Each structure stands twice: as C-alpha cells, then as structure tokens.
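S.K.: I'd like to ask some things about the structure below.
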Amino acid sequence: DAKTTQPTSMDCAEGRAANLPCNHSTISGNEYVYWYRQIHSQGPQYIIHGLKNNETNEMASLIITEDRKSSTLILPHATLRDTAVYYCIGGARNTPLVFGKGTRLSVIA
Amino acid sequence: EAQVTQNPRYLITVTGKKLTVTCSQNMNHEYMSWYRQDPGLGLRQIYYSMNVEVTDKGDVPEGYKVSRKEKRNFPLILESPSPNQTSLYFCASSLYGSSGNTIYFGEGSWLTVV
C-alpha cells in the first residue's frame with residue numbers, strides 16, 4: 001500500500017469549504033486514493049475514491065494532482081456534522097486498505 | 001438495508017474468560033475484516049478474510065482467532081482475553097475486486113477486560 005501523509009488536525013469555519021490535503025508520493029499506477037471519515041467512535045464511512053481523474057459525488061470532491069503524488073478532499077460547505085477524523089488511503093483494488101491516523105477536522109460555528 | 005452487524009456492542013468481561021464477537025453482513029461480500037481502535041493508534045487490522053475458509057493475519061493478530069465458515073459471518077474469538085485487549089472493535093466487509101473496494105463498517109463493539 002502507498003504510504004500517505006496527512007496533517008494531524010485542521011479547523012474550518014462552518015459554511016466554508018474544507019480542503020483536506022494528502023501526500024502519497026509513493027503511490028503506484030494501480031493504486032487508488034480512498035477517503036473515509038470517522039465521526040466520534042462510529043464505524044468509518046466511505047466518502048470517495050479515485051485513480052487519476054478528479055471525482056465528485058454528493059458528499060465531496062476529490063482533486064488528484066497530475067503526477068498523482070498528492071490529492072485534496074474538498075467538502076464544499078462544511079457543517080458541524082462534518083467534524084470527524086478523515087483518512088486518506090492508497091491501495092490497489094485487491095489488497096486490504098491500511099488506515100493511518102488521519103486528519104482531525106473541526107468545523108467551528 | 002445493506003449493513004454490517006456486530007454483537008455485542010458493549011461488553012465487560014474478566015481476564016481469561018473466552019468470548020466471541022459476532023459479525024454478519026448481508027451484502028454477499030467476499031472480503032471481511034476485523035480492526036481494533038485505541039487512542040493515538042488509529043485503526044489497526046487484526047485479521048481479514050478474502051473468502052470462505054480463507055483467513056489471513058493483519059497487523060495485530062496476537063491473542064485473537066477468527067473463522068470464516070460461511071460468507072456472511074466472520075466471528076472474532078478471544079480465547080483468553082487480557083486487559084490489553086480492552087479496545088473498540090470494528091468489523092468490516094467489502095465486495096472484493098469491484099471498482100473502488102469500498103469498505104462497509106459495523107457500528108463497533110466496546111470491549112473491556114478487567
């Protein structure tokens with residue numbers, strides 16, 4: 001699995017966009033970038049994933065740099081309920097995903 | 001509704017008393033896994049299973065056993081629990097090989113060993 005590096009914590013004002021960065025400079029060509037989040041001891045929840053193209057769904061957008069060495073998860077209008085730990089994971093389709101320590105996002109009113 | 005169900009959700013037990021945490025999924029997923037989560041250590045994988053009768057050790061398998069006799073169930077067995085196994089446990093499943101490898105997690109089981 002590709003090793004990923006994320007900031008330990010971030011703050012974001014409610015209603016603003018939350019941009020969470022992730023470095024994955026060792027990612028290989030067949031490894032996807034996945035994002036999950038965990039809200040206060042609940043089971044982690046899938047957000048989005050991508051290979052090399054930018055992706056968008058109802059929860060978030062994922063921007064992957066052209067060299068695939070880093071990506072950014074964007075929550076367009078953060079709410080208090082988005083306060084959580086966000087995990088960026090690199091992994092191939094048929095291998096177990098390894099969760100790191102993630103970024104603790106605090107959305108502030 | 002697609003879900004991963006764990007039981008019990010909360011348990012306090014004594015050292016050495018065997019216990020089993022059950023996990024069941026209703027999505028016909030091949031892949032299932034157990035994690036434990038401890039403060040400051042994140043999610044660590046205990047065991048995983050890529051299909052029926054196939055299990056593999058994760059990062060922290062010591063003190064645990066698993067079995068995968070049928071596709072939907074993946075119980076976690078603590079033969080002789082010790083206090084250092086006090087933790088929050090998550091079961092997860094995934095449709096292995098599908099595009100994206102999305103993992104679904106259970107709600108977690110809080111285990112305290114005294």
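Each chain of the structure tokens is named A, B, ... in the order shown, its residues numbered from 1; ligands are numbered from 1 in display order.
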Contacts between chain A and chain B, please, where a residue of chain B counts if it comes within 12 Å (with only C-alpha atoms); show its shortest atom pair and distance in Å to one decimal, rows by chain and ascending number, as CSV.
M.R.:
residue,atom,partner,partner_atom,distance
B:Gln3,CA,A:Gly43,CA,11.4
B:Val4,CA,A:Gly43,CA,10.0
B:Thr5,CA,A:Gly43,CA,11.0
B:Gln6,CA,A:Gly43,CA,11.0
B:Arg9,CA,A:Gln42,CA,11.5
B:Glu30,CA,A:Asn94,CA,11.2
B:Tyr31,CA,A:Pro96,CA,8.9
B:Met32,CA,A:Pro96,CA,9.6
B:Ser33,CA,A:Pro96,CA,8.7
B:Trp34,CA,A:Pro96,CA,11.2
B:Tyr35,CA,A:Phe99,CA,9.8
B:Arg36,CA,A:Gly43,CA,11.0
B:Gln37,CA,A:Ser41,CA,8.8
B:Asp38,CA,A:Ser41,CA,10.2
B:Pro39,CA,A:Lys101,CA,10.1
B:Gly40,CA,A:Lys101,CA,7.7
B:Leu41,CA,A:Lys101,CA,6.9
B:Gly42,CA,A:Lys101,CA,4.9
B:Leu43,CA,A:Phe99,CA,5.9
B:Arg44,CA,A:Phe99,CA,7.2
B:Gln45,CA,A:Val98,CA,7.7
B:Ile46,CA,A:Val98,CA,11.3
B:Tyr47,CA,A:Pro96,CA,10.3
B:Tyr48,CA,A:Pro96,CA,8.1
B:Ser49,CA,A:Pro96,CA,9.6
B:Met50,CA,A:Pro96,CA,9.1
B:Asp56,CA,A:Pro96,CA,10.6
B:Lys57,CA,A:Pro96,CA,11.2
B:Gly58,CA,A:Pro96,CA,9.1
B:Asp59,CA,A:Val98,CA,9.5
B:Ser87,CA,A:Ser41,CA,11.2
B:Leu88,CA,A:Ser41,CA,8.1
B:Tyr89,CA,A:Gly43,CA,9.3
B:Phe90,CA,A:Gly43,CA,6.8
B:Cys91,CA,A:Gly43,CA,8.6
B:Ala92,CA,A:Gly43,CA,8.7
B:Ser93,CA,A:Pro96,CA,10.5
B:Ser94,CA,A:Pro96,CA,9.6
B:Leu95,CA,A:Asn94,CA,9.9
B:Tyr96,CA,A:Asn94,CA,6.4
B:Gly97,CA,A:Asn94,CA,5.4
B:Ser98,CA,A:Arg93,CA,7.3
B:Ser99,CA,A:Arg93,CA,6.9
B:Gly100,CA,A:Arg93,CA,6.3
B:Asn101,CA,A:Arg93,CA,5.8
B:Thr102,CA,A:Tyr46,CA,6.7
B:Ile103,CA,A:Tyr46,CA,6.8
B:Tyr104,CA,A:Gln45,CA,7.1
B:Phe105,CA,A:Gly43,CA,5.2
B:Gly106,CA,A:Gly43,CA,5.7
B:Glu107,CA,A:Gly43,CA,5.0
B:Gly108,CA,A:Gly43,CA,6.1
B:Ser109,CA,A:Gly43,CA,9.9
B:Trp110,CA,A:Ser41,CA,9.8
S.K.: Chain A: which residues are strand (DSSP E) by DSSP, as number ranges by chain?
M.R.: A: 9-13, 18-23, 31-38, 45-50, 55-56, 61-64, 70-75, 84-92, 103-108
S.K.: If I take atom CA of A:Lys69 and atom CA of A:Arg37, how far is one from the other in Å, to one decimal?
M.R.: 20.9 Å
S.K.: So which residues touch A:Thr79 within 8 Å, counting only C-alpha atoms, skipping near sequence neighbours fewer than 5 positions away, as a PyMOL selection string?
M.R.: chain A and resi 14-15+107
S.K.: Distance atom CA of A:Ser28-atom CA of A:Thr8, one decimal place?
M.R.: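 We find that atom CA of A:Ser28 and atom CA of A:Thr8 lie 24.1 Å from each other.
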S.K.: Which residue out of B:Asn73, B:Thr112, B:Glu62, B:Thr55 has the minimum interatomic distance to B:Met27 when only C-alpha atoms are used?
M.R.: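 When distances to B:Met27 are compared using only C-alpha atoms, the smallest one comes from B:Asn73.
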S.K.: Fewer than 2 positions away in the same chain doesn't count, so skip those; otherwise give me all residues within 12 Å of B:Gly63, counting only C-alpha atoms, as an NGL selection string.
M.R.: :B and (16 or 18-19 or 46-47 or 57 or 60-61 or 65-66 or 76-86)
S.K.: Which residues, written as a VMD selection string, have at least one atom at most 6 Å from A:Thr72, with only C-alpha atoms counted and residues fewer than 3 positions away on the same chain left out?
M.R.: chain A and resid 20 to 21 62 to 63
S.K.: What does the distance from atom CA of A:Thr56 to atom CA of B:His29 come to in Å, to one decimal?
M.R.: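 Separation between atom CA of A:Thr56 and atom CA of B:His29: 25.2 Å.
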S.K.: Env of A:Ala18: 8 Å cut, atoms = only C-alpha atoms, seq-sep filter 2 positions within chain, self excluded. Answer as number ranges by chain.
M.R.: A: 12, 16, 20, 73-78
S.K.: Let me make sure I understand: among A:Ala60, A:Cys88, A:Ile39, A:Ile27, which one has the smallest atom-to-atom distance to A:Ser106 if we use only C-alpha atoms?
M.R.: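 Checking each candidate against A:Ser106, we get A:Ile39 as the closest.
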